Every structure is written in C-alpha cells, then in structure tokens.
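Student: For reference, this is upload_22.cif, and it has mmCIF, C-alpha atoms.
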data_data
#
loop_
_atom_site.label_atom_id
_atom_site.label_comp_id
_atom_site.auth_asym_id
_atom_site.auth_seq_id
_atom_site.Cartn_x
_atom_site.Cartn_y
_atom_site.Cartn_z
CA MET L 23 -18.62 282.83 215.84
CA ALA L 24 -20.23 286.07 214.67
CA LEU L 25 -17.75 287.23 212.04
CA PHE L 26 -20.21 288.79 209.64
CA LYS L 27 -23.15 291.12 209.77
CA LYS L 28 -26.23 289.39 208.44
CA ASP L 29 -27.40 292.49 206.56
CA GLY L 30 -24.11 293.13 204.79
CA LYS L 31 -23.63 292.92 201.04
CA ALA L 32 -21.10 290.59 199.45
CA GLY L 33 -17.69 292.25 199.42
CA GLU L 34 -18.63 294.79 202.09
CA THR L 35 -19.34 292.77 205.22
CA GLY L 36 -17.61 294.00 208.34
CA GLY L 37 -14.94 295.77 206.28
CA GLN L 38 -13.63 292.38 205.14
CA SER L 39 -13.66 290.83 201.70
CA LEU L 40 -16.59 288.42 201.57
CA PRO L 41 -16.61 286.02 198.60
CA ARG L 42 -19.51 286.37 196.20
CA HIS L 43 -19.48 282.65 195.37
CA ILE L 44 -18.64 279.65 197.55
CA ALA L 45 -18.52 276.06 196.28
CA ILE L 46 -18.83 273.04 198.58
CA ILE L 47 -18.15 269.32 198.06
CA MET L 48 -20.72 267.78 200.40
CA ASP L 49 -18.61 264.88 201.64
CA GLY L 50 -18.86 262.55 204.64
CA ASN L 51 -22.52 261.53 204.75
CA GLY L 52 -21.79 257.80 204.68
CA ARG L 53 -19.06 257.98 207.32
CA TRP L 54 -21.30 260.13 209.53
CA ALA L 55 -23.97 257.41 209.41
CA LYS L 56 -21.48 254.57 209.96
CA LYS L 57 -20.11 256.24 213.11
CA ARG L 58 -23.65 256.17 214.49
CA GLY L 59 -24.46 252.62 213.43
CA LEU L 60 -26.96 253.90 210.85
CA PRO L 61 -27.42 253.00 207.17
CA ARG L 62 -25.66 255.26 204.68
CA THR L 63 -29.05 256.50 203.50
CA ALA L 64 -29.55 258.10 206.93
CA GLY L 65 -26.36 260.06 206.36
CA HIS L 66 -27.64 261.39 203.05
CA ALA L 67 -30.91 262.45 204.68
CA ALA L 68 -28.97 264.34 207.36
CA GLY L 69 -26.77 265.86 204.66
CA ALA L 70 -29.83 267.12 202.78
CA GLU L 71 -30.98 268.98 205.88
CA THR L 72 -27.50 270.46 206.26
CA PHE L 73 -27.74 271.79 202.71
CA ARG L 74 -30.96 273.63 203.61
CA THR L 75 -29.30 275.18 206.65
CA ILE L 76 -26.12 276.20 204.85
CA ALA L 77 -27.92 277.63 201.82
CA THR L 78 -30.03 279.83 204.09
CA TYR L 79 -26.97 280.88 206.08
CA CYS L 80 -25.01 281.81 202.95
CA LYS L 81 -27.94 283.90 201.73
CA ASP L 82 -28.28 285.63 205.10
CA ILE L 83 -24.63 286.68 205.35
CA GLY L 84 -24.74 288.23 201.89
CA LEU L 85 -23.30 285.71 199.43
CA ASP L 86 -24.60 285.81 195.87
CA TYR L 87 -23.94 282.20 194.88
CA LEU L 88 -23.50 278.78 196.46
CA THR L 89 -22.61 275.75 194.33
CA VAL L 90 -22.75 272.26 195.87
CA TYR L 91 -21.65 268.88 194.58
CA ALA L 92 -24.67 266.64 195.20
CA PHE L 93 -24.17 263.68 192.83
CA SER L 94 -21.27 263.08 190.46
CA THR L 95 -21.10 261.20 187.17
CA GLU L 96 -19.12 258.55 189.09
CA ASN L 97 -21.67 258.14 191.89
CA TRP L 98 -23.79 255.83 189.73
CA LYS L 99 -21.27 253.12 190.70
CA ARG L 100 -22.64 253.11 194.26
CA PRO L 101 -25.16 250.48 195.44
CA GLN L 102 -28.53 250.94 193.75
CA GLU L 103 -30.29 251.30 197.10
CA GLU L 104 -28.09 254.27 197.98
CA VAL L 105 -28.52 255.89 194.55
CA ASP L 106 -32.30 255.51 194.76
CA ALA L 107 -32.34 257.05 198.24
CA ILE L 108 -30.36 260.07 197.05
CA MET L 109 -32.75 260.60 194.13
CA ARG L 110 -35.78 260.35 196.41
CA LEU L 111 -34.25 262.93 198.74
CA LEU L 112 -33.67 265.25 195.80
CA GLU L 113 -37.27 264.85 194.64
CA ARG L 114 -38.56 265.62 198.12
CA TYR L 115 -36.33 268.63 198.52
CA LEU L 116 -37.34 270.08 195.15
CA GLY L 117 -41.02 269.52 195.85
CA GLU L 118 -40.69 271.55 199.04
CA ALA L 119 -38.32 274.17 197.60
CA ILE L 120 -40.61 275.03 194.68
CA GLU L 121 -43.19 276.38 197.12
CA LYS L 122 -40.64 278.58 198.90
CA MET L 123 -38.30 279.86 196.19
CA GLU L 124 -40.25 282.97 195.20
CA ARG L 125 -41.19 283.80 198.78
CA ASP L 126 -37.62 283.55 200.02
CA GLY L 127 -35.97 285.12 196.98
CA ILE L 128 -33.83 282.06 196.26
CA ARG L 129 -32.95 280.95 192.76
CA LEU L 130 -32.17 277.26 192.24
CA LYS L 131 -30.22 276.02 189.23
CA PHE L 132 -28.90 272.59 188.24
CA PHE L 133 -25.53 271.80 186.68
CA GLY L 134 -25.03 268.45 185.00
CA ASP L 135 -26.60 266.06 182.51
CA THR L 136 -30.18 265.77 183.75
CA THR L 137 -31.37 263.73 180.73
CA VAL L 138 -30.66 260.43 182.53
CA LEU L 139 -32.72 261.33 185.61
CA SER L 140 -36.24 260.07 186.25
CA PRO L 141 -39.14 261.82 184.44
CA LYS L 142 -40.47 263.09 187.79
CA LEU L 143 -37.11 264.60 188.75
CA ARG L 144 -36.68 266.17 185.32
CA GLU L 145 -40.12 267.74 185.59
CA LEU L 146 -39.31 269.18 189.02
CA ILE L 147 -36.04 270.60 187.66
CA HIS L 148 -37.92 272.11 184.72
CA GLU L 149 -40.37 273.72 187.15
CA THR L 150 -37.57 275.23 189.22
CA ASP L 151 -35.97 276.59 186.03
CA GLU L 152 -39.24 278.32 185.11
CA ILE L 153 -39.53 279.92 188.56
CA THR L 154 -35.88 280.98 188.45
CA THR L 155 -36.47 283.09 185.32
CA HIS L 156 -38.34 285.71 187.38
CA VAL L 157 -36.75 285.34 190.83
CA ARG L 158 -33.95 287.74 191.72
CA GLY L 159 -31.65 287.11 194.63
CA PHE L 160 -29.30 284.54 196.07
CA GLN L 161 -28.68 281.58 193.77
CA ALA L 162 -27.93 277.99 194.82
CA ASN L 163 -26.47 275.74 192.12
CA VAL L 164 -26.87 272.00 192.65
CA CYS L 165 -24.55 269.72 190.66
CA VAL L 166 -26.35 266.47 189.80
CA ASN L 167 -24.89 263.85 187.45
CA TYR L 168 -22.07 266.34 187.11
CA GLY L 169 -18.39 265.81 186.35
CA GLY L 170 -15.83 268.49 185.62
CA ARG L 171 -14.21 266.55 182.76
CA ASP L 172 -17.61 265.73 181.28
CA GLU L 173 -18.52 269.44 181.41
CA LEU L 174 -15.34 270.37 179.53
CA VAL L 175 -15.93 267.72 176.86
CA ARG L 176 -19.50 268.92 176.35
CA ALA L 177 -18.32 272.51 176.05
CA ALA L 178 -15.72 271.48 173.44
CA GLN L 179 -18.41 269.61 171.51
CA ARG L 180 -20.66 272.68 171.53
CA TRP L 181 -17.84 274.81 170.17
CA ALA L 182 -17.11 272.25 167.46
CA GLU L 183 -20.77 272.40 166.45
CA ARG L 184 -20.56 276.20 166.20
CA VAL L 185 -17.44 275.99 164.03
CA LYS L 186 -19.14 273.42 161.81
CA ALA L 187 -22.09 275.81 161.47
CA GLY L 188 -19.77 278.61 160.32
CA GLU L 189 -18.41 280.25 163.48
CA THR L 190 -15.22 282.13 162.59
CA ALA L 191 -14.44 283.97 165.86
CA PRO L 192 -11.38 282.68 167.73
CA LEU L 193 -11.97 280.53 170.80
CA THR L 194 -11.15 282.55 173.92
CA GLU L 195 -11.43 281.75 177.62
CA GLU L 196 -14.52 283.95 177.83
CA ARG L 197 -16.23 282.18 174.92
CA PHE L 198 -15.34 278.78 176.32
CA SER L 199 -16.70 279.76 179.75
CA SER L 200 -19.99 280.72 178.12
CA LEU L 201 -20.40 277.10 177.00
CA LEU L 202 -20.19 275.68 180.53
CA TYR L 203 -23.09 274.95 182.90
CA SER L 204 -21.89 277.92 184.95
CA ALA L 205 -22.13 280.44 182.09
CA ALA L 206 -22.66 284.02 183.35
CA ILE L 207 -21.85 283.03 186.95
CA PRO L 208 -18.59 284.26 188.52
CA ASP L 209 -16.04 281.59 189.39
CA PRO L 210 -16.05 280.58 193.07
CA GLU L 211 -13.52 282.45 195.17
CA LEU L 212 -13.62 279.75 197.86
CA LEU L 213 -14.12 275.99 197.61
CA ILE L 214 -14.79 274.07 200.83
CA ARG L 215 -14.42 270.32 201.24
CA PRO L 216 -15.66 268.82 204.52
CA GLY L 217 -14.96 265.20 205.40
CA GLY L 218 -11.17 265.16 205.59
CA GLU L 219 -10.32 264.40 201.96
CA GLN L 220 -8.06 266.85 200.12
CA ARG L 221 -8.86 266.67 196.43
CA LEU L 222 -11.29 268.21 193.93
CA SER L 223 -12.85 264.91 192.83
CA ASN L 224 -13.70 266.19 189.34
CA PHE L 225 -15.58 269.24 190.64
CA LEU L 226 -15.56 272.62 188.82
CA LEU L 227 -12.19 271.94 187.23
CA TRP L 228 -12.25 274.95 184.88
CA GLN L 229 -13.94 277.32 187.32
CA SER L 230 -11.55 276.54 190.19
CA ALA L 231 -8.32 277.57 188.42
CA TYR L 232 -7.69 280.34 190.99
CA THR L 233 -10.15 279.34 193.68
CA GLU L 234 -8.92 279.24 197.29
CA LEU L 235 -9.26 275.72 198.72
CA TYR L 236 -10.29 275.00 202.31
CA PHE L 237 -10.35 271.50 203.80
CA THR L 238 -11.84 270.42 207.11
CA ASP L 239 -12.28 267.08 208.89
CA THR L 240 -15.86 267.97 209.87
CA LEU L 241 -18.29 265.60 208.16
CA TRP L 242 -20.94 267.27 206.03
CA PRO L 243 -23.98 266.45 208.24
CA ASP L 244 -22.16 268.19 211.14
CA PHE L 245 -21.31 271.25 209.06
CA ASP L 246 -22.94 274.53 210.17
CA GLY L 247 -22.72 278.30 209.99
CA GLU L 248 -19.71 278.43 212.30
CA GLU L 249 -17.83 276.17 209.88
CA ILE L 250 -18.67 278.56 207.04
CA ASP L 251 -17.40 281.43 209.19
CA ARG L 252 -14.10 279.62 209.81
CA ALA L 253 -13.65 278.94 206.10
CA ILE L 254 -14.38 282.55 205.16
CA ALA L 255 -12.01 283.81 207.88
CA ALA L 256 -9.25 281.58 206.44
CA TYR L 257 -10.06 282.91 202.97
CA GLN L 258 -9.81 286.50 204.20
CA ARG L 259 -6.31 285.87 205.57
CA ARG L 260 -5.00 284.80 202.16
CA GLU L 261 -3.45 287.02 199.53
CA ARG L 262 -4.91 286.34 196.08
CA ARG L 263 -2.36 287.25 193.40
CA PHE L 264 -3.72 285.34 190.35
CA GLY L 265 -0.21 284.57 189.15
CA GLY L 266 1.10 288.09 189.81
CA LEU L 267 3.27 289.49 192.61
#
Once more with this new file: its structure as structure tokens, please.
Tutor:
Amino acid sequence: MALFKKDGKAGETGGQSLPRHIAIIMDGNGRWAKKRGLPRTAGHAAGAETFRTIATYCKDIGLDYLTVYAFSTENWKRPQEEVDAIMRLLERYLGEAIEKMERDGIRLKFFGDTTVLSPKLRELIHETDEITTHVRGFQANVCVNYGGRDELVRAAQRWAERVKAGETAPLTEERFSSLLYSAAIPDPELLIRPGGEQRLSNFLLWQSAYTELYFTDTLWPDFDGEEIDRAIAAYQRRERRFGGL
C-alpha cells in the first residue's frame, strides 16, 4: 500500500496531511507467541524487531516523532522471567542502537522513571541521551517504567516545588506541559493500538486529549508499514475540530 512518498516532509506528503507525531501501544506480543506455541518471551523478541522496522518506516515516510509504550509502571506485576527478558531485550537493542544513531540521524529518548532500572540499562540510557544532544532528525521516544497518571503526579510535584521556591506565575497548560517527560515535543496527532484492545491503558493521558485513536486486531509482532499506512489513511479521513465546529 504505497500511500506516501518516502521523500516527503511531514504535513506535505502526497498532498495529504501527514501527522508529525504518532504514538503506538505495542500490544499483543504474548498472544502472538501463544498462538504459535512459543513462550511469551519469544513474542517480546519478535515485538522488538517490529519496533526497529516501524521506527525506520516512520522516519522514511517523513514523520518527526514516534512514541512507543514499551514497559508500563504496572508491568512489574508480570512474572519475573518475563520482566527480565524484556529488560535484556532493551539492553541489547540500546547497545546496537548507540552505534547507529548518529549515522542514521535518529534521536532516541526515554520517558518514565528510569531510576529503578538496572545500572547497566541506566548507563546505556545516559549514553543515548548524550548522543541525542547533537543528533538532529527523526526522534523515537521509548516509554519505560512509564504511567500516564504517574507522569501527571510527578509534574504536579515539580510545580509544587517551584511554588515553594518562590514561583509566582500562574499555572497554565503550557507551563504544566513543560514539566512532563514530553516537554517541547508536540502532542501525538494519532495513537495506534494493535492487538484488539480499545483503551489507553494509562498511556500519554495528558498528551492524548485531542489525539485521534486507531485500533486494529493485528498483533504487534505482525505489524508492518502497510498497517501504518492504513492507520494514517484513516487519520486523514477524519475532521479534527478540537472542540470547535
């Protein structure tokens, strides 16, 4: 499904409105593995490869930002074996990505409380942050130990600290947004959830106030560029009024 020119810029592709920022809840890894008689960890490995493919595709069609939900604050409740496997996959991916980020012009940022992650993972995240400071181009945001409610609470706490320190300016939406993990990044115009579920699951609650939602039964490891095309085509058929007429 070739809907978009690969050399187009966001907002100008093929005369259609292309979103600058797409968010994805990467759902269905475990069910994908179960259908094939494989352990859930195999589903997460397949899902990690899908993320590589989709991130590259989004960059190639001209998006500016991709934000994915990799591991939520609630996912710690899963079996320890599964949690450990996800963290190992993340370490491996980061180790490989660090070598390619500058070459490919991809910025990688992390949203979430990374203080509880392993020292090795925190060091890899720190290294990607340092590279990101001088890389310009497409940006992929990976949400790890992230929860939308937790993000809002942390932002409120930061504002309270500012007020305690003498801040007298009124709290506005813009100032509150600047306290979120996504500060300085435009809100996603389109949020995609593969896997058949139809809920946000505590993902980008503030940022998704006027985001267009797209749900598909396709499990995340089976997701590909054609699925992105379908979601963008559905987005382009909608009329975004932001509360107006």
Student: Do you have, as a Markdown table, the list of residues of range 130-170 of chain L lying at most 6 Å from range 88-95 of chain L, each with its nearest atom pair and that distance in Å to one decimal, counting only C-alpha atoms and ordered by chain then number?
Tutor:
| residue | atom | partner | partner_atom | distance |
| --- | --- | --- | --- | --- |
| L:Ala162 | CA | L:Leu88 | CA | 4.8 |
| L:Asn163 | CA | L:Thr89 | CA | 4.4 |
| L:Val164 | CA | L:Val90 | CA | 5.2 |
| L:Cys165 | CA | L:Tyr91 | CA | 4.9 |
| L:Val166 | CA | L:Phe93 | CA | 4.7 |
| L:Asn167 | CA | L:Thr95 | CA | 4.6 |
| L:Tyr168 | CA | L:Ser94 | CA | 4.7 |
| L:Gly169 | CA | L:Thr95 | CA | 5.4 |
Student: Apply the PyMOL selection byres ((chain L and resi 100-112) around 8) to the structure shown and report the selected residues as number ranges by chain.
Tutor: L: 62-63, 66-67, 70, 97-99, 113-116, 143
Student: Deliver the residues from the most recent selection as a file, using C-alpha atoms, as a PDB file, keeping the file's coordinate frame.
Tutor:
ATOM      1  CA  ARG L  62     -25.660 255.260 204.680  1.00  0.00           C
ATOM      2  CA  THR L  63     -29.050 256.500 203.500  1.00  0.00           C
ATOM      3  CA  HIS L  66     -27.640 261.390 203.050  1.00  0.00           C
ATOM      4  CA  ALA L  67     -30.910 262.450 204.680  1.00  0.00           C
ATOM      5  CA  ALA L  70     -29.830 267.120 202.780  1.00  0.00           C
ATOM      6  CA  ASN L  97     -21.670 258.140 191.890  1.00  0.00           C
ATOM      7  CA  TRP L  98     -23.790 255.830 189.730  1.00  0.00           C
ATOM      8  CA  LYS L  99     -21.270 253.120 190.700  1.00  0.00           C
ATOM      9  CA  GLU L 113     -37.270 264.850 194.640  1.00  0.00           C
ATOM     10  CA  ARG L 114     -38.560 265.620 198.120  1.00  0.00           C
ATOM     11  CA  TYR L 115     -36.330 268.630 198.520  1.00  0.00           C
ATOM     12  CA  LEU L 116     -37.340 270.080 195.150  1.00  0.00           C
ATOM     13  CA  LEU L 143     -37.110 264.600 188.750  1.00  0.00           C
TER      14      LEU L 143
END
Student: Could you list the residues chosen by the PyMOL selection byres ((chain L and resi 121-132) around 10) in this structure as a ChimeraX atom specification?
Tutor: /L:77-78,81,86-90,116-120,133-136,147-148,150-151,153-168,203-204
Student: Going by the chain IDs and residue numbers used in this file, which residues fall under the PyMOL selection byres ((chain L and resi 76) around 10)? Write them as a PyMOL selection string.
Tutor: chain L and resi 71-75+77-82+88+245-247+249-250
Student: Could the centre and edge lengths of an axis-aligned box, enclosing all atoms of range 55-61 of chain L in the file with 3 Å extra on each side, be given in Å to one decimal as AutoDock Vina command-line options?
Tutor:
--center_x -23.8 --center_y 255.0 --center_z 210.8 --size_x 13.3 --size_y 10.8 --size_z 13.3
Student: For CA of Glu196 in chain L and CA of Arg180 in chain L, quote the distance in Å rounded to one decimal.
Tutor: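 A separation of 14.3 Å between them.
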